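Structure first, then comments.
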Amino acid sequence: AFTLWVGIMGMLGFHRVVSNGCIMTYMYPTYIPVPPPSDMSVTKYGLFLYHEGWRKIDFDLQLVKLSGVPVLFIPGNGGSYKQVRSLAAESDRAFNGGPMEESFYQEAFLSIEEADYELDGFGEVVVNREVNIKDYLLDAKAERQYPNHLDWFAVDLDGEHSAMDGRILEEHTEYVVQAIHRILDRYKVSLEARSKEGTDIGQSLPTSVILVGHSMGGFVARAAVVHPRLRQGAVQTVLTLSSPHLSPPVAMQPSLGHFFSRVNRVWRRGYEHKRARLASISDAAVDLSHVVVVSITGGSRDHQVRSNMASLDGIVPPSHGLTFGAPGMLNVWLAMEHQSILWCNQLVVQVSHTLLKIIDKKTGQEVLSRPKRLAIFIANLRSALPQTFDWIHAEIPFQLSALQRVKKSSLLSRTEGDQAFGATKNHDGQFACPKLAMWSDESHEKDLYIETPVVTVLAMDGRRRWLDVKKLGSNGSDHFVLVTNLLPCTGVRIHLWSERGKLTTTGEQSINDRLVEVTRKMVQLPAGPAPRQIEPGGQTEQASPSGLLHLTPKDLHNFRFITISVAPRLTISGRPPPAASMAVGQFFRPSDGSRIVSPWWLLSSAYKQKELVFHENHPIVLNLSISVSMGVLPLDVDVKTLGCGIKDSVFVNQQAGDTGHASLCKLRCFPPVALIWDPLSGLSVIPNFFSETVTVDSSPALWDAQHASGETTILFMMDPHCSYKVNMAISLSSAVTRFQLVHGLQIAGFTVAILLFVLMQQARAWELDQAVPSVLACTEYTLMFPLPFLVLTAIPLAIYSVLGFLASQATPSFISFVLVSLACYGFASGVVALLAIGTQVVFYATAALQVFLKTRWQIGEGRLHMPSLCSHLNRLSDCKVVLIVKCRSIFIVAFVATILVFFLHPALGLLILLLAHTWGCHSALCSCLAACFRSHLQQKGAIQSSKQSGEAQMVPTRVDRNHEVSRREVISFGDTQREIFNYHHGLLLLHLIATLMLFPSVVAWGQRLGVDQTSPWFFDSALCFGIILHGLFASKADINLPIFPLPRILGQSHDSGLSVIYAVAGLYCYLAGLALAPYRAFYALAVIGLMTSMFRILDTKGTAKGDFNAKRYHFHRH
């Protein structure tokens, strides 16, 4: 019942509609077909060139005018080539409109691993070996127009489901390689045509194509890069949108998982061996030193491809590959669904400008330097917030000591007013504002000297605030943070002073006056909706912050003062300016605002809501460190304002939540902002945070976890003038949905493992001459504590711990791994139990109906004297064809299933096997019920026959080496048929799961039915043929040969046969589930089929020679 409830709640959660905040992208698309070359065979796929505009154009002329940077879009599973329209349309607008306006916020910087920086013996950064990245980025920002436009191409893959079939995925890869070559050749043809017409303007030919792939199209792009027939250097940049890289989203088909493994193996070898000649995609290494791969994930709302699947960790090194989450991307800040990532305007615009920025102004084509391209992607897509709060480690050391180095060279000789409001002359300082970002000073006598640790700015008043670092930062409050909605450089500027400047009579400063500007150390925050302004000055609430400046003790070292200079703003119609500008700064101690949430405290919130109260004058930054990952434990968090810090207000006695109280607090305090950080899924920022369900797209207990993702950080930024109450509780409905979403593949692998453990117990019961238990009884037995539950679960977990200890990469928390794995195991056991109960009810109902109808027909036949019908049925049963079918049923099933497996689809062959199992279960159960019915009638005396005590029975015996009598003296015919049903039932459920795992592939095959006549992959067919062998040769329990002698226990020796094989296969499937690769269960099932067929052949030969010592005979005489 619990499993059923969890399943229903999870399915309902998948269909819950949640607004994502994306803006729709609009366009005027035209798709120009690119004709294939004359030597190319006709294919069902196609290639198109996108053109933006509503006017009618000449297709041939557009192909001749090709002169931009080629970009190839690859659609995903079931996608269309028309999905390129959003990216292509915004790229055209971005090129015509020029680069975005510079914001002067701090940009994210490269780590040592990403930028290939080197350190000398003193810990200083040595100049990059290839390029000066910083100078290149500054030059790129100075450009007012992009050097060239983007030519967007798209491949038409006929809407095929590439996520469900490995053969389709490989065919798509081959066609993309052909499309890349056709695009590059098309540019040569276009250049030659323009040269003949005299319209060539000396543009250089592109030598590479930028690949942009959505969903499975991203993996196809990576597979094309390492394809053996791709030209050298034809692809240098790959951008993927919500694409799986580590494993397929539906890792059920063996060929699909095998293709993923092959491609990833070649990518890993490509970085291990920098220079190697490529021979084949399976075993050779390709030079990937020039390729940059960028993966953008959708976040927690993407249910098809989760962040751990889209991560490049372990495949592409940080110096060549980047992974960005859409919730933490600059100017995006949104989690989005799998399809909306293609049209979400916030993301599409940012990606379009980023791709245009990697165009070299000298050549008009893609930048050849890999570090430059990497730096451009980081500067335009990654937020600097994780680096500000030290969530990303191993940064370049010069960022930490930049203020000190700038300080040494920042001697200024200007008036005090110029220092505050003018442009800093030291342009070598990386945090200084440029000359153009300056405002005029109206007065030099507007300085304010702040005596409290908190400073507040409520309007652009043109004043400068002085804060004494030594005085206000005492008692451990050595961190300073400023939260504001004023733009850096144009609205506010921050300087650090060694000493406060003194004006002389001549207007010159003293020689000791030195300052360092840190304005551009401010990082960007996503601003919430602007407050309503009924009229100028009629503000009803504080504006949402858009910037954050955090200065650590290292930054403030050797400085005495901080100045916050606010730009002046003109009045409107004689009235004061609207008070929509704000800034709040504070000296604080980080430990005062840090709270550690224990796992037990968090789990108890599922039953009772937990509260955290933050009183007035609290730190502006409140850090909640949650000891368990919120990947499967989403939190419902509510933030309520308790007080606003105004003692004499008429609303002072009103409670939180009242209309007057809420209005006053909105006017007094800025809206809270929440920063959620998870090492795997990255950053999420939620402005105007009052009531949200906090979820991170993390996987705390997966086999391939690359980060210690067992901890989530929630950082609140709240106005220190107000007091708040934070209510937290686990969202059970969201937790159930996340559990199924994150661990669905793990549960699938565990389900196969449990069914193999069931067959193990049934086979062992046969070997010990005991009654064969039912599937439900075996499933219940696997959950018995302490044995065998600990044995079946502790061994795989012990193997995991050993591998995790030996591996160099970080592994998740062992406790969380064990708990989540046990939960998955219990859920999988519930799934098996539900399947067993459901199918058993159906079998019993149909068997009871057949026995009832047959009995009634026989009674009616005897009363109505209808021998003619019985004679006709007997004649039909004596027909030669029917006799052949009865005698050769196994051969016929094997023949039909084999034909379907190798020539149509493997799942169809398994379907024939399921029908055979179903008939076996039905026949055995009908015989069992009929025998029980006759026995019941005999006991009541309803039927008088010559057989007083039923049918004669023979004692079943085990004929072994010692010729001992079996422990089971009497077995009735009904009991025997029930055991046969139990055994067939276990095989049926096991092979039913295997067939269901191939169902997505059947859907993809059905789409191509009548179009594609190719045979299925031999790899899948061979594995399914092994499963068919298992189903046919193991359909009788007497296949269990005692071939494994076990050591003596308590003076007795026991031999084991197929039960040991089932046990080993179950453990292997358990590990496959932990690795999120349930398709590997096909390997184990195929090996079992091969071994059972060998056992049957040996058994047949032994019977022919008269050797009965190796077999137990279980027979009856009736």
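Letters A, B, ... mark the chains of the structure tokens in the order given; residue numbers begin at 1 per chain; ligand numbers begin at 1, in order shown.
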
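For region 377-392 of chain A, the residues within 7 Å (counting only C-alpha atoms, excluding itself and residues fewer than 6 positions away along the chain) are Gln106, Glu107, Ala108, Phe109, Phe324, Gly328, Met329, Leu330, Thr354, Val523 and His550 of chain A.
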
Can I get the selection written as a PDB file, in the first residue's frame, with N, CA, C and O atoms?
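And here is the file that came out, again-v4.pdb:
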```
ATOM      1  N   GLN A 106      31.026  42.611 -11.283  1.00  0.00           N
ATOM      2  CA  GLN A 106      32.168  41.702 -11.328  1.00  0.00           C
ATOM      3  C   GLN A 106      31.814  40.461 -12.143  1.00  0.00           C
ATOM      4  O   GLN A 106      30.719  39.907 -12.022  1.00  0.00           O
ATOM      5  N   GLU A 107      32.727  40.037 -12.957  1.00  0.00           N
ATOM      6  CA  GLU A 107      32.534  38.846 -13.764  1.00  0.00           C
ATOM      7  C   GLU A 107      33.192  37.643 -13.093  1.00  0.00           C
ATOM      8  O   GLU A 107      34.157  37.787 -12.333  1.00  0.00           O
ATOM      9  N   ALA A 108      32.645  36.485 -13.388  1.00  0.00           N
ATOM     10  CA  ALA A 108      33.255  35.260 -12.882  1.00  0.00           C
ATOM     11  C   ALA A 108      34.611  35.055 -13.541  1.00  0.00           C
ATOM     12  O   ALA A 108      34.818  35.400 -14.708  1.00  0.00           O
ATOM     13  N   PHE A 109      35.531  34.524 -12.798  1.00  0.00           N
ATOM     14  CA  PHE A 109      36.877  34.326 -13.322  1.00  0.00           C
ATOM     15  C   PHE A 109      37.187  32.845 -13.389  1.00  0.00           C
ATOM     16  O   PHE A 109      36.532  32.006 -12.773  1.00  0.00           O
ATOM     17  N   PHE A 324      26.885  24.739 -16.780  1.00  0.00           N
ATOM     18  CA  PHE A 324      26.164  25.859 -16.180  1.00  0.00           C
ATOM     19  C   PHE A 324      24.723  25.437 -15.935  1.00  0.00           C
ATOM     20  O   PHE A 324      24.102  24.787 -16.779  1.00  0.00           O
ATOM     21  N   GLY A 328      21.379  29.637 -12.222  1.00  0.00           N
ATOM     22  CA  GLY A 328      22.486  30.469 -11.777  1.00  0.00           C
ATOM     23  C   GLY A 328      23.173  31.222 -12.885  1.00  0.00           C
ATOM     24  O   GLY A 328      24.230  31.827 -12.654  1.00  0.00           O
ATOM     25  N   MET A 329      22.595  31.240 -14.098  1.00  0.00           N
ATOM     26  CA  MET A 329      23.199  31.943 -15.225  1.00  0.00           C
ATOM     27  C   MET A 329      22.904  33.428 -15.163  1.00  0.00           C
ATOM     28  O   MET A 329      21.827  33.858 -14.747  1.00  0.00           O
ATOM     29  N   LEU A 330      23.842  34.201 -15.610  1.00  0.00           N
ATOM     30  CA  LEU A 330      23.667  35.650 -15.659  1.00  0.00           C
ATOM     31  C   LEU A 330      22.466  36.018 -16.536  1.00  0.00           C
ATOM     32  O   LEU A 330      22.294  35.469 -17.637  1.00  0.00           O
ATOM     33  N   THR A 354      26.509  35.486 -26.350  1.00  0.00           N
ATOM     34  CA  THR A 354      27.750  34.784 -26.025  1.00  0.00           C
ATOM     35  C   THR A 354      28.366  34.153 -27.263  1.00  0.00           C
ATOM     36  O   THR A 354      29.587  34.221 -27.469  1.00  0.00           O
ATOM     37  N   VAL A 523      28.749  42.078  -7.244  1.00  0.00           N
ATOM     38  CA  VAL A 523      28.226  41.022  -8.103  1.00  0.00           C
ATOM     39  C   VAL A 523      26.737  41.244  -8.313  1.00  0.00           C
ATOM     40  O   VAL A 523      26.046  41.855  -7.489  1.00  0.00           O
ATOM     41  N   HIS A 550      30.680  42.148  -1.185  1.00  0.00           N
ATOM     42  CA  HIS A 550      31.141  41.462   0.019  1.00  0.00           C
ATOM     43  C   HIS A 550      32.646  41.649   0.130  1.00  0.00           C
ATOM     44  O   HIS A 550      33.411  41.252  -0.759  1.00  0.00           O
TER      45      HIS A 550
END
```

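Proximity to Asp158 (chain A) was assessed for A:Ala931, A:Ala1004, A:Leu246, A:Leu486 counting only C-alpha atoms; the smallest distance is recorded for A:Ala1004.
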
- Which of region 613-808 of chain A fall in helix (DSSP H, G or I), as a PyMOL selection string: chain A and resi 659-668+732-767+775-782+789-806

- Pick out the residues sitting within 12 Å of Asn982 (chain A), and hand them over as number ranges by chain; count only C-alpha atoms, and ignore anything fewer than 5 positions along from it in its own chain. A: 758-759, 761-763, 765-766, 771-778, 836, 839-840, 843, 917-918, 920-922, 924-925, 928, 975-977, 987-989, 1035-1037

- Task: Using only C-alpha atoms, determine which residues lie at most 12 Å from Asp58 (chain A), disregarding the query and same-chain residues fewer than 4 positions distant; provide the list as a list of chain:residue names.
- Result: A:Thr30, A:Tyr31, A:Ile32, A:Pro33, A:His51, A:Gln62, A:Leu63, A:Val64, A:Lys65

- Message: Could you check the closest approach to Val226 (chain A) for each of A:Tyr271, A:Phe999, A:Tyr1068, A:Trp343 and tell me which residue wins, using only C-alpha atoms?
- Response: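 Closest residue, counting only C-alpha atoms: A:Tyr271.
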
- Item | Polymer residues at most 9 Å from Ile626 (chain A), only C-alpha atoms, same-chain spacing of 6 or more positions, as a ChimeraX atom specification | /A:595-599,602,710-714

Take the residues that were just selected and, keeping N, CA and C atoms, output them as a tab-separated table (two decimals), in the first residue's frame.
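What landed in result_13.tsv:
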```tsv
chain	number	residue	atom	x	y	z
A	595	ARG	N	23.62	29.05	10.84
A	595	ARG	CA	22.86	28.01	11.51
A	595	ARG	C	23.09	26.70	10.79
A	596	ILE	N	23.34	25.65	11.55
A	596	ILE	CA	23.52	24.31	10.99
A	596	ILE	C	22.25	23.52	11.28
A	597	VAL	N	21.61	23.07	10.24
A	597	VAL	CA	20.37	22.30	10.36
A	597	VAL	C	20.73	20.81	10.29
A	598	SER	N	20.52	20.10	11.38
A	598	SER	CA	20.86	18.69	11.45
A	598	SER	C	19.85	17.86	10.67
A	599	PRO	N	20.24	16.67	10.24
A	599	PRO	CA	19.29	15.82	9.50
A	599	PRO	C	18.05	15.48	10.30
A	602	LEU	N	15.69	18.35	10.49
A	602	LEU	CA	15.01	18.56	9.21
A	602	LEU	C	13.95	17.49	8.97
A	710	GLY	N	26.22	16.01	-0.31
A	710	GLY	CA	25.34	15.69	0.79
A	710	GLY	C	24.97	16.89	1.62
A	711	GLU	N	25.22	18.11	1.16
A	711	GLU	CA	24.94	19.31	1.94
A	711	GLU	C	24.44	20.41	1.02
A	712	THR	N	23.42	21.12	1.47
A	712	THR	CA	22.85	22.23	0.72
A	712	THR	C	22.92	23.50	1.58
A	713	THR	N	23.25	24.60	0.95
A	713	THR	CA	23.36	25.88	1.65
A	713	THR	C	22.26	26.81	1.17
A	714	ILE	N	21.51	27.36	2.12
A	714	ILE	CA	20.52	28.41	1.83
A	714	ILE	C	21.00	29.69	2.50
```

- Distance in Å - CA of Glu499 (chain A) versus CA of Asp555 (chain A):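 Straight-line distance from CA of Glu499 (chain A) to CA of Asp555 (chain A) works out to 15.7 Å.
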
- Go through A:His181, A:His721, A:His479, A:His495 one by one, measure the shortest atom-to-atom distance of each to Glu616 (chain A) using only C-alpha atoms, and give the residue with the smallest value.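 Nearest to Glu616 (chain A): A:His721.
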
- Item | Residues near Leu49 (chain A), cut-off 12 Å, only C-alpha atoms, skip fewer than 4 positions along chain, as a VMD selection string | chain A and resid 29 to 35 59 to 60 62 to 66 70 to 73 81 to 82 84 to 85 88 150 to 156 179 182 to 183 186

Export of the given selection (N, CA, C and O atoms) as a tab-separated table (two decimals), in the first residue's frame:
```tsv
chain	number	residue	atom	x	y	z
A	29	PRO	N	10.06	33.13	-39.12
A	29	PRO	CA	11.01	32.13	-39.64
A	29	PRO	C	10.78	31.80	-41.11
A	29	PRO	O	9.65	31.81	-41.62
A	30	THR	N	11.88	31.50	-41.76
A	30	THR	CA	11.89	30.92	-43.11
A	30	THR	C	12.98	29.85	-43.13
A	30	THR	O	14.12	30.11	-42.70
A	31	TYR	N	12.63	28.68	-43.63
A	31	TYR	CA	13.57	27.54	-43.64
A	31	TYR	C	13.93	27.22	-45.08
A	31	TYR	O	13.07	26.85	-45.89
A	32	ILE	N	15.19	27.38	-45.37
A	32	ILE	CA	15.70	27.19	-46.74
A	32	ILE	C	16.33	25.80	-46.83
A	32	ILE	O	17.30	25.52	-46.14
A	33	PRO	N	15.80	24.91	-47.65
A	33	PRO	CA	16.40	23.57	-47.78
A	33	PRO	C	17.75	23.65	-48.49
A	33	PRO	O	17.89	24.34	-49.51
A	34	VAL	N	18.72	22.97	-47.93
A	34	VAL	CA	20.05	22.90	-48.54
A	34	VAL	C	20.11	21.64	-49.38
A	34	VAL	O	20.00	20.53	-48.85
A	35	PRO	N	20.24	21.76	-50.69
A	35	PRO	CA	20.22	20.56	-51.54
A	35	PRO	C	21.43	19.69	-51.28
A	35	PRO	O	22.54	20.19	-51.06
A	59	PHE	N	15.69	31.55	-52.41
A	59	PHE	CA	16.45	30.55	-51.66
A	59	PHE	C	17.86	30.39	-52.22
A	59	PHE	O	18.84	30.33	-51.47
A	60	ASP	N	17.97	30.29	-53.54
A	60	ASP	CA	19.29	30.09	-54.14
A	60	ASP	C	20.21	31.27	-53.87
A	60	ASP	O	21.42	31.10	-53.63
A	62	GLN	N	20.14	33.25	-51.25
A	62	GLN	CA	20.56	33.20	-49.86
A	62	GLN	C	21.69	32.20	-49.65
A	62	GLN	O	22.60	32.44	-48.84
A	63	LEU	N	21.65	31.09	-50.35
A	63	LEU	CA	22.74	30.11	-50.24
A	63	LEU	C	24.03	30.64	-50.84
A	63	LEU	O	25.12	30.29	-50.38
A	64	VAL	N	23.94	31.47	-51.86
A	64	VAL	CA	25.13	32.06	-52.46
A	64	VAL	C	25.72	33.14	-51.55
A	64	VAL	O	26.94	33.33	-51.52
A	65	LYS	N	24.89	33.81	-50.76
A	65	LYS	CA	25.33	34.92	-49.91
A	65	LYS	C	25.89	34.48	-48.57
A	65	LYS	O	26.14	35.31	-47.70
A	66	LEU	N	26.10	33.19	-48.37
A	66	LEU	CA	26.61	32.70	-47.09
A	66	LEU	C	27.98	33.31	-46.80
A	66	LEU	O	28.92	33.15	-47.57
A	70	PRO	N	29.18	29.57	-39.38
A	70	PRO	CA	28.19	28.49	-39.43
A	70	PRO	C	27.93	27.89	-38.05
A	70	PRO	O	28.85	27.61	-37.30
A	71	VAL	N	26.64	27.74	-37.76
A	71	VAL	CA	26.19	27.10	-36.53
A	71	VAL	C	25.17	26.04	-36.91
A	71	VAL	O	24.22	26.33	-37.65
A	72	LEU	N	25.37	24.83	-36.43
A	72	LEU	CA	24.46	23.73	-36.75
A	72	LEU	C	23.67	23.35	-35.51
A	72	LEU	O	24.24	23.01	-34.48
A	73	PHE	N	22.34	23.42	-35.64
A	73	PHE	CA	21.45	23.03	-34.54
A	73	PHE	C	21.00	21.59	-34.74
A	73	PHE	O	20.57	21.21	-35.85
A	81	TYR	N	13.52	20.30	-36.64
A	81	TYR	CA	14.53	21.28	-37.05
A	81	TYR	C	14.02	22.70	-36.88
A	81	TYR	O	14.80	23.65	-36.78
A	82	LYS	N	12.70	22.87	-36.80
A	82	LYS	CA	12.13	24.21	-36.63
A	82	LYS	C	12.36	24.78	-35.24
A	82	LYS	O	12.11	25.96	-35.01
A	84	VAL	N	15.00	25.54	-34.05
A	84	VAL	CA	16.13	26.47	-34.11
A	84	VAL	C	15.67	27.91	-34.15
A	84	VAL	O	16.47	28.84	-33.97
A	85	ARG	N	14.39	28.15	-34.38
A	85	ARG	CA	13.92	29.49	-34.69
A	85	ARG	C	14.18	30.50	-33.57
A	85	ARG	O	14.50	31.66	-33.85
A	88	ALA	N	18.01	31.31	-33.49
A	88	ALA	CA	18.43	31.99	-34.71
A	88	ALA	C	17.85	33.40	-34.78
A	88	ALA	O	18.53	34.36	-35.20
A	150	LEU	N	25.83	35.14	-37.43
A	150	LEU	CA	25.76	33.68	-37.36
A	150	LEU	C	24.82	33.16	-38.42
A	150	LEU	O	23.70	33.66	-38.58
A	151	ASP	N	25.27	32.15	-39.15
A	151	ASP	CA	24.42	31.44	-40.10
A	151	ASP	C	23.94	30.16	-39.43
A	151	ASP	O	24.73	29.23	-39.20
A	152	TRP	N	22.65	30.10	-39.14
A	152	TRP	CA	22.09	28.97	-38.41
A	152	TRP	C	21.57	27.92	-39.38
A	152	TRP	O	20.69	28.19	-40.21
A	153	PHE	N	22.12	26.73	-39.26
A	153	PHE	CA	21.64	25.56	-39.99
A	153	PHE	C	20.96	24.62	-38.98
A	153	PHE	O	21.21	24.69	-37.78
A	154	ALA	N	20.11	23.76	-39.49
A	154	ALA	CA	19.42	22.78	-38.64
A	154	ALA	C	19.23	21.49	-39.43
A	154	ALA	O	18.90	21.54	-40.63
A	155	VAL	N	19.42	20.38	-38.77
A	155	VAL	CA	19.22	19.08	-39.41
A	155	VAL	C	17.80	18.59	-39.10
A	155	VAL	O	17.32	18.71	-37.97
A	156	ASP	N	17.17	18.06	-40.11
A	156	ASP	CA	15.84	17.47	-39.96
A	156	ASP	C	16.03	15.98	-39.76
A	156	ASP	O	16.37	15.25	-40.69
A	179	ALA	N	26.39	16.34	-42.52
A	179	ALA	CA	25.88	17.72	-42.58
A	179	ALA	C	26.99	18.73	-42.32
A	179	ALA	O	27.02	19.80	-42.95
A	182	ARG	N	28.92	19.04	-45.47
A	182	ARG	CA	28.13	19.74	-46.50
A	182	ARG	C	28.10	21.24	-46.23
A	182	ARG	O	28.16	22.05	-47.17
A	183	ILE	N	28.04	21.64	-44.97
A	183	ILE	CA	28.01	23.07	-44.64
A	183	ILE	C	29.33	23.73	-45.02
A	183	ILE	O	29.36	24.81	-45.65
A	186	ARG	N	29.59	23.98	-48.69
A	186	ARG	CA	28.66	24.97	-49.23
A	186	ARG	C	29.28	26.37	-49.17
A	186	ARG	O	29.06	27.19	-50.09
```

- Task: Within region 190-334 of chain A, find each residue whose DSSP state, derived from the backbone, is strand (DSSP E), and express the selection as a PyMOL selection string.
- Result: chain A and resi 210-214+237-241+292-297+321-325

- Task: Tell me which protein, DNA and RNA residues are within 12 Å of region 256-258 of chain A, counting only C-alpha atoms, leaving out same-chain ones fewer than 2 positions away, and put them as a PyMOL selection string.
- Result: chain A and resi 161-170+216+219+244-254+260-265+282+997-998+1000-1001+1017+1019-1020+1072+1075-1083

Store the residues picked out above, limited to C-alpha atoms, as an mmCIF file, in the first residue's frame.
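The result, stored in result19.cif:
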```cif
data_model
loop_
_atom_site.group_PDB
_atom_site.id
_atom_site.type_symbol
_atom_site.label_atom_id
_atom_site.label_comp_id
_atom_site.auth_asym_id
_atom_site.auth_seq_id
_atom_site.Cartn_x
_atom_site.Cartn_y
_atom_site.Cartn_z
ATOM 1 C CA HIS A 161 13.033 9.171 -30.818
ATOM 2 C CA SER A 162 16.783 9.043 -30.443
ATOM 3 C CA ALA A 163 16.576 8.738 -26.624
ATOM 4 C CA MET A 164 14.956 5.328 -26.921
ATOM 5 C CA ASP A 165 17.051 3.416 -29.439
ATOM 6 C CA GLY A 166 20.801 3.150 -29.865
ATOM 7 C CA ARG A 167 20.651 2.427 -33.586
ATOM 8 C CA ILE A 168 18.726 5.638 -34.250
ATOM 9 C CA LEU A 169 21.261 7.560 -32.190
ATOM 10 C CA GLU A 170 24.141 6.201 -34.252
ATOM 11 C CA MET A 216 19.855 14.033 -27.226
ATOM 12 C CA PHE A 219 25.082 13.982 -27.166
ATOM 13 C CA PRO A 244 22.492 13.967 -21.165
ATOM 14 C CA HIS A 245 26.202 13.203 -21.146
ATOM 15 C CA LEU A 246 26.937 10.695 -18.395
ATOM 16 C CA SER A 247 24.140 8.262 -19.224
ATOM 17 C CA PRO A 248 20.957 8.125 -21.292
ATOM 18 C CA PRO A 249 17.789 9.390 -19.603
ATOM 19 C CA VAL A 250 16.070 6.064 -20.289
ATOM 20 C CA ALA A 251 18.960 3.655 -19.777
ATOM 21 C CA MET A 252 16.966 0.539 -20.567
ATOM 22 C CA GLN A 253 18.213 -0.630 -23.969
ATOM 23 C CA PRO A 254 21.632 -2.347 -23.997
ATOM 24 C CA PHE A 260 26.950 6.102 -24.582
ATOM 25 C CA SER A 261 29.780 4.184 -22.941
ATOM 26 C CA ARG A 262 31.770 3.964 -26.174
ATOM 27 C CA VAL A 263 31.490 7.679 -26.943
ATOM 28 C CA ASN A 264 32.408 8.715 -23.396
ATOM 29 C CA ARG A 265 35.334 6.309 -23.389
ATOM 30 C CA SER A 282 35.425 2.172 -30.252
ATOM 31 C CA MET A 997 12.586 -2.106 -20.413
ATOM 32 C CA LEU A 998 12.581 -2.411 -24.209
ATOM 33 C CA PRO A 1000 10.626 2.731 -25.343
ATOM 34 C CA SER A 1001 12.663 1.132 -28.123
ATOM 35 C CA TRP A 1017 21.177 -4.221 -33.689
ATOM 36 C CA PHE A 1019 23.938 -6.684 -29.897
ATOM 37 C CA ASP A 1020 20.388 -6.312 -28.594
ATOM 38 C CA ALA A 1072 23.993 -1.983 -12.136
ATOM 39 C CA ALA A 1075 25.401 2.785 -11.368
ATOM 40 C CA LEU A 1076 22.122 3.981 -12.957
ATOM 41 C CA ALA A 1077 22.620 1.422 -15.715
ATOM 42 C CA PRO A 1078 19.724 -1.057 -15.462
ATOM 43 C CA TYR A 1079 20.326 -2.091 -19.077
ATOM 44 C CA ARG A 1080 23.280 -4.144 -17.818
ATOM 45 C CA ALA A 1081 20.750 -6.583 -16.390
ATOM 46 C CA PHE A 1082 20.407 -7.918 -19.945
ATOM 47 C CA TYR A 1083 24.016 -9.093 -19.732
#
```

- Between A:Leu633, A:Val367, A:Ala326, A:Leu732, which is the closest to Leu355 (chain A) once you count only C-alpha atoms? A:Val367
